[in-house]
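Novice: Just dropping this structure here.
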Amino acid sequence: MSRRTVELEVGGSREMGVDGSPVLSPIAPFDVPEPEIDTEHMLINIGPQHPATHGVLRLVCELDGETVKKVTPHIGYLHSSFEKLGEYRTWNQIVPLTDRMDYLAPLIYNCAYVMSVEKLMGIEVTERCKVARVICMELDRIFGHLLWLGTTAIDVGAFTPFLYAFQERERIYTLHESLTGARITTSATRVGGMMADLPEGWTDGVRDFANTFPDTLAEIDCLLTNNQIHIGRTQGIGAIGADDAINYGFTGPNLRASGIDYDVRKDQPYYDYETYDFEVPVGQYGDCYDRYLCRMEEMRQSVLLLHQALDRLPDGPMDVQDPSITLPSKTDCMSDMESMIHHFKLITDGIPAPEGDCYYPIEGSKGELGMYLVAEEGGTKPVRWRIRPPSFVNLSVIAKLAEGHLVSDLIMINASLDIVLGEIDR
Amino acid sequence: MTPDGKKTALDAVDEGPRPSEAPSASPAGSSGDHPAEHASVSALVERFGDAVLRHSVAAGDQHVVWIDASRNLEILGWLKDDPEHRYDMMSDVTAVDYGGGQTLEVVYQMFSLTHKRALRIRCELPLDALEIDSVVGLWNVANWLEREVYDMFGVTFRGHPDLRRILMPHDYAEGHPLRKDFPLRGRFSRAEQTRRALDQSIEHSYLPEEIALGREPQEVAPVVGTLDSDEGDEVS
């Protein structure tokens with residue numbers, strides 16, 4: 001590059017130029033080549049205890065100045081060995097382990113697990129249970145996306161959306177609490193049904209949420225979607241093309257932001273999702289901004305789904321009417337001999353499974369959430385319980401996404417992937 | 001059962017859950033055709049013959065194919081690239097240990113975005129030769145998934161660019177946790193586990209090549225991260 005020295009008589013005070021020669025103080029930037037200083041690359045450690053890593057994630061970055069040359073993620077700090085623990089528990093005892101993985105959308109995990117067990121055993125749940133689970137899953141999709149929205153906004157310096165988002169999350173927490181008694185560790189599902197039927201008035205609460213939540217979402221949308229700072233921080237950052245996104249295993253909103261309309265709810269539909277009227281938002285450039293837009297639209301679609309599911313929620317039994325799957329009611333258990341024996345057998349032995357394996361993918365809030373189960377004939381515990389964690393796969397791409405960007409963009413990219421470390425480490 | 005041969009509700013408990021009358025609502029993994037037929041399975045048998053060991057249908061409509069582990073790269077590569085099949089999405093790579101000295105199985109769960117079809121491929125590996133070709137060259141997603149299988153089961157993936165532990169610490173000395181012969185609480189006593197945790201230095205959790213940044217690699221102490229060599233601490 002040719003050198004053009006800009007000399008301006010302003011202050012008159014002499015300063016040292018790039019090559020050591022004296023120059024006059026400039027007021028406009030020089031058009032000079034990048035100085036070829038022999039710089040060492042620097043090793044910067046982010047995390048594991050760092051607010052911007054969204055959990056106990058450690059990123060070791062090799063930097064050239066402020067440019068990221070290489071990122072090495074280190075995970076496993078939250079490793080709880082859930083898959084191993086599951087091999088020592090009966091099918092229903094595993095349910096409490098599931099919501100501790102993605103504690104930002106626990107009901108989706110509860111549902112995903114029992115759905116795979118039911119698939120393995122060939123159990124068809126009741127219509128009411130199906131719709132109730134759809135309500136739970138869509139509610140928690142919003143729940144998970146809201147946390148992502150709030151924390152990502154903080155990462156680019158916007159604090160207000162965080163408060164708005166958490167205000168709405170609080171309402172879902174309350175709904176969790178009235179449904180299950182717990183705010184995060186819901187454990188709401190059982191093989192063949194739910195922990196209990198929906199409490200009285202709960203659907204009204206969900207309806208109220210679905211009616212009013214879009215207003216708050218629109219307010220957050222106003223604050224971010226056309227916000228110049230937000231756009232500047234996200235557009236063109238961490239972009240990935242469609243072919244790469246598939247090859248690197250992206251799923252969920254991250255994949256759809258790259259222009260692939262793969263949604264498990266549409267492509268391998270479960271629980272009659274094909275009969276619901278909703279659309280799958282698809283991005284174009286696969287950058288942080290498109291991932292943001294996709295998730296925002298997904299929340300709106302989830303609200304539509306909530307309305308439709310609430311409309312079609314039928315009366316009738318919640319649990320499968322089969323004494324070898326569903327526990328008898330407490331009253332029956334105390335008064336009826338047969339029910340007591342059923343109860344005893346189910347609690348002490350568990351539900352026997354047929355031999356075989358089963359992979360059951362559903363659309364989690366972060367991507368394709370698959371549960372892979374292997375059982376032996378009559379086994380009341382899984383031989384192998386494998387979770388295909390969407391965040392784990394999505395995070396593995398960060399090294400490719402962040403290469404060549406600034407450190408501050410690395411934080412944005414990490415936030416835009418929407419990871420939860422409980423699920424990555426399991 | 002009652003004396004006259006009628007079943008009571010109590011018998012159901014011993015027999016286990018009834019299979020549902022209605023066909024399962026979810027076509028997860030289904031081919032859309034008759035459950036016994038899957039276009040890729042017949043094509044696999046036709047093309048690779050003996051390398052396709054057996055085929056079964058699991059959980060109603062999920063097709064599982066066992067293939068010769070020594071030809072996994074060839075067969076999976078064909079499934080990915082052949083336009084009739086195009087399994088462009090590798091959903092999951094994992095392994096199953098049945099215990100009792102049985103073969104360990106590596107499981108590939110694939111999905112074709114073009115044809116909306118799922119297929120599960122399984123490879124059996126004898127416990128004394130846990131080695132299989134890596135598929136990272138075909139699907140980059142397999143990078144971390146295979147690392148996890150290596151970490152948890154001790155399967156070596158030939159040709160993997162970065163095969164090291166991922167969830168457990170890289171100097172973890174107790175073995176591979178998801179193997180059936182691994183006790184739930186680990187192989188070492190609690191006291192020993194605590195002692196080892198406290199003995200770790202900060203550099204233990206850095207990779208040698210990370211510490212070597214900007215310096216000649218030979219300056220790095222040769223062993224960082226093995227527990228027997230506390231001399232490895234003098235890295236910085």
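Just remember, in the structure tokens the first chain shown is A, the second B, etc., residues are 1-based per chain, and ligands are 1-based in the order shown.
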Would you list, as a list in words, the residues of segment 55-157 of chain B that end up in helix (DSSP H, G or I) under DSSP run on this structure's backbone?

Specialist: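 For segment 55-157 of chain B, the helix (DSSP H, G or I) set is Ala69, Ser70, Arg71, Asn72, Leu73, Glu74, Ile75, Leu76, Gly77, Trp78, Leu79, Lys80, Asp81, Ala142, Asn143, Trp144, Leu145, Glu146, Arg147, Glu148, Val149, Tyr150, Asp151, Met152 and Phe153 of chain B.
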
Novice: Mind dumping a table of every chain A residue within 7 Å of chain B, with the nearest atom pair and its distance in Å to one decimal, using only C-alpha atoms, sorted by chain and rising number, as a Markdown table?

Specialist:
| residue | atom | partner | partner_atom | distance |
| --- | --- | --- | --- | --- |
| A:Glu40 | CA | B:Gly214 | CA | 5.4 |
| A:His41 | CA | B:Gly214 | CA | 5.9 |
| A:Ile75 | CA | B:Leu167 | CA | 6.0 |
| A:Gly76 | CA | B:Leu167 | CA | 4.1 |
| A:His79 | CA | B:Leu167 | CA | 6.5 |
| A:Lys84 | CA | B:Leu178 | CA | 6.0 |
| A:Lys119 | CA | B:Ala59 | CA | 6.2 |
| A:Leu120 | CA | B:Ala59 | CA | 5.1 |
| A:Gly122 | CA | B:Pro19 | CA | 5.1 |
| A:Ile123 | CA | B:Ser20 | CA | 5.6 |
| A:Glu124 | CA | B:Ser20 | CA | 5.6 |
| A:Ile246 | CA | B:Met89 | CA | 6.1 |
| A:Asn247 | CA | B:Trp139 | CA | 5.2 |
| A:Tyr248 | CA | B:Val141 | CA | 4.4 |
| A:Gly249 | CA | B:Val141 | CA | 4.9 |
| A:Asp267 | CA | B:Lys116 | CA | 6.6 |
| A:Gln268 | CA | B:Ala28 | CA | 5.1 |
| A:Pro269 | CA | B:Ser26 | CA | 6.3 |
| A:Tyr270 | CA | B:Ser26 | CA | 4.7 |
| A:Tyr271 | CA | B:Ala25 | CA | 6.9 |
| A:Pro323 | CA | B:Val13 | CA | 6.6 |
| A:Ser324 | CA | B:Val13 | CA | 4.5 |
| A:Ile325 | CA | B:Pro17 | CA | 6.3 |
| A:Glu338 | CA | B:Leu10 | CA | 6.8 |
| A:His342 | CA | B:Val13 | CA | 6.7 |
| A:Ile351 | CA | B:Gly16 | CA | 6.6 |
| A:Pro352 | CA | B:Gly16 | CA | 5.5 |
| A:Gly356 | CA | B:Ala58 | CA | 6.0 |
| A:Asp357 | CA | B:Ala58 | CA | 6.0 |
| A:Cys358 | CA | B:Ala59 | CA | 5.7 |
| A:Tyr360 | CA | B:Ala28 | CA | 6.4 |
| A:Val383 | CA | B:Tyr98 | CA | 6.7 |
| A:Arg384 | CA | B:Val96 | CA | 6.3 |
| A:Arg388 | CA | B:Asp92 | CA | 6.4 |
| A:Val393 | CA | B:Val141 | CA | 6.7 |
| A:Ser396 | CA | B:Trp144 | CA | 6.6 |
| A:Asp425 | CA | B:Leu167 | CA | 6.4 |

Novice: Residues of the last selection are to be written out with C-alpha atoms, as a tab-separated table (two decimals), in the first residue's frame.

Specialist:
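File result.tsv, as written:
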chain	number	residue	atom	x	y	z
A	40	GLU	CA	2.94	-11.77	19.76
A	41	HIS	CA	-0.45	-13.36	19.80
A	75	ILE	CA	-16.86	-27.28	28.69
A	76	GLY	CA	-17.70	-29.81	31.33
A	79	HIS	CA	-21.03	-32.09	34.11
A	84	LYS	CA	-25.12	-42.32	33.75
A	119	LYS	CA	-42.57	-43.99	21.62
A	120	LEU	CA	-40.32	-46.80	22.77
A	122	GLY	CA	-45.77	-47.85	21.98
A	123	ILE	CA	-47.99	-45.89	24.34
A	124	GLU	CA	-50.49	-43.51	22.80
A	246	ILE	CA	-26.18	-27.99	8.07
A	247	ASN	CA	-22.76	-29.56	8.01
A	248	TYR	CA	-21.85	-28.13	11.39
A	249	GLY	CA	-25.08	-29.47	12.83
A	267	ASP	CA	-40.64	-32.02	9.10
A	268	GLN	CA	-41.10	-34.86	11.56
A	269	PRO	CA	-44.35	-33.72	13.14
A	270	TYR	CA	-45.48	-34.98	16.52
A	271	TYR	CA	-48.57	-34.25	18.58
A	323	PRO	CA	-52.95	-49.70	35.34
A	324	SER	CA	-49.55	-50.93	34.25
A	325	ILE	CA	-48.49	-47.40	33.24
A	338	GLU	CA	-56.12	-54.00	43.44
A	342	HIS	CA	-50.79	-51.67	41.10
A	351	ILE	CA	-42.82	-49.99	33.87
A	352	PRO	CA	-41.36	-52.84	31.82
A	356	GLY	CA	-35.25	-52.04	21.30
A	357	ASP	CA	-34.06	-48.53	20.79
A	358	CYS	CA	-35.74	-45.31	19.89
A	360	TYR	CA	-37.27	-39.24	19.25
A	383	VAL	CA	-29.67	-49.52	29.18
A	384	ARG	CA	-28.69	-46.23	27.66
A	388	ARG	CA	-28.89	-35.08	21.83
A	393	VAL	CA	-23.85	-28.95	18.91
A	396	SER	CA	-19.23	-26.40	18.82
A	425	ASP	CA	-22.54	-30.58	30.09

Novice: At a cut-off of 12 Å, using only C-alpha atoms, what residues contact Val303 of chain A? Leave out same-chain residues fewer than 6 positions from it and give the result as a PyMOL selection string.

Specialist: chain A and resi 134-143+206-215+217+277-279+296-297+309-310

Novice: What does the distance from atom CA of Thr174 of chain A to atom CA of Gly205 of chain A come to in Å, to one decimal?

Specialist: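 Taking atom CA of Thr174 of chain A as the start and atom CA of Gly205 of chain A as the end point, the length is 9.3 Å.
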
Novice: When DSSP works through the backbone of this structure, what residues of segment 66-305 of chain A end up as strand (DSSP E), shown as a list in words?

Specialist: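 These are the residues in question: Thr67, Val68, Lys69, Lys70, Val71, Thr72, Pro73, His74, Thr189, Arg190, Gly193 and Met194 of chain A.
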
Novice: Take the residues from that selection and put them in a file with C-alpha atoms, as an mmCIF file, in the first residue's frame.

Specialist:
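Result file follows (again.cif):
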data_model
loop_
_atom_site.group_PDB
_atom_site.id
_atom_site.type_symbol
_atom_site.label_atom_id
_atom_site.label_comp_id
_atom_site.auth_asym_id
_atom_site.auth_seq_id
_atom_site.Cartn_x
_atom_site.Cartn_y
_atom_site.Cartn_z
ATOM 1 C CA THR A 67 -8.992 -9.761 16.625
ATOM 2 C CA VAL A 68 -9.904 -13.302 17.524
ATOM 3 C CA LYS A 69 -7.613 -15.745 15.758
ATOM 4 C CA LYS A 70 -8.836 -18.879 17.424
ATOM 5 C CA VAL A 71 -11.326 -19.812 20.101
ATOM 6 C CA THR A 72 -11.110 -23.003 22.079
ATOM 7 C CA PRO A 73 -14.219 -23.636 24.155
ATOM 8 C CA HIS A 74 -13.730 -25.711 27.282
ATOM 9 C CA THR A 189 -44.728 -35.118 33.042
ATOM 10 C CA ARG A 190 -45.016 -38.818 33.680
ATOM 11 C CA GLY A 193 -49.584 -38.576 31.099
ATOM 12 C CA MET A 194 -48.894 -35.654 33.349
#
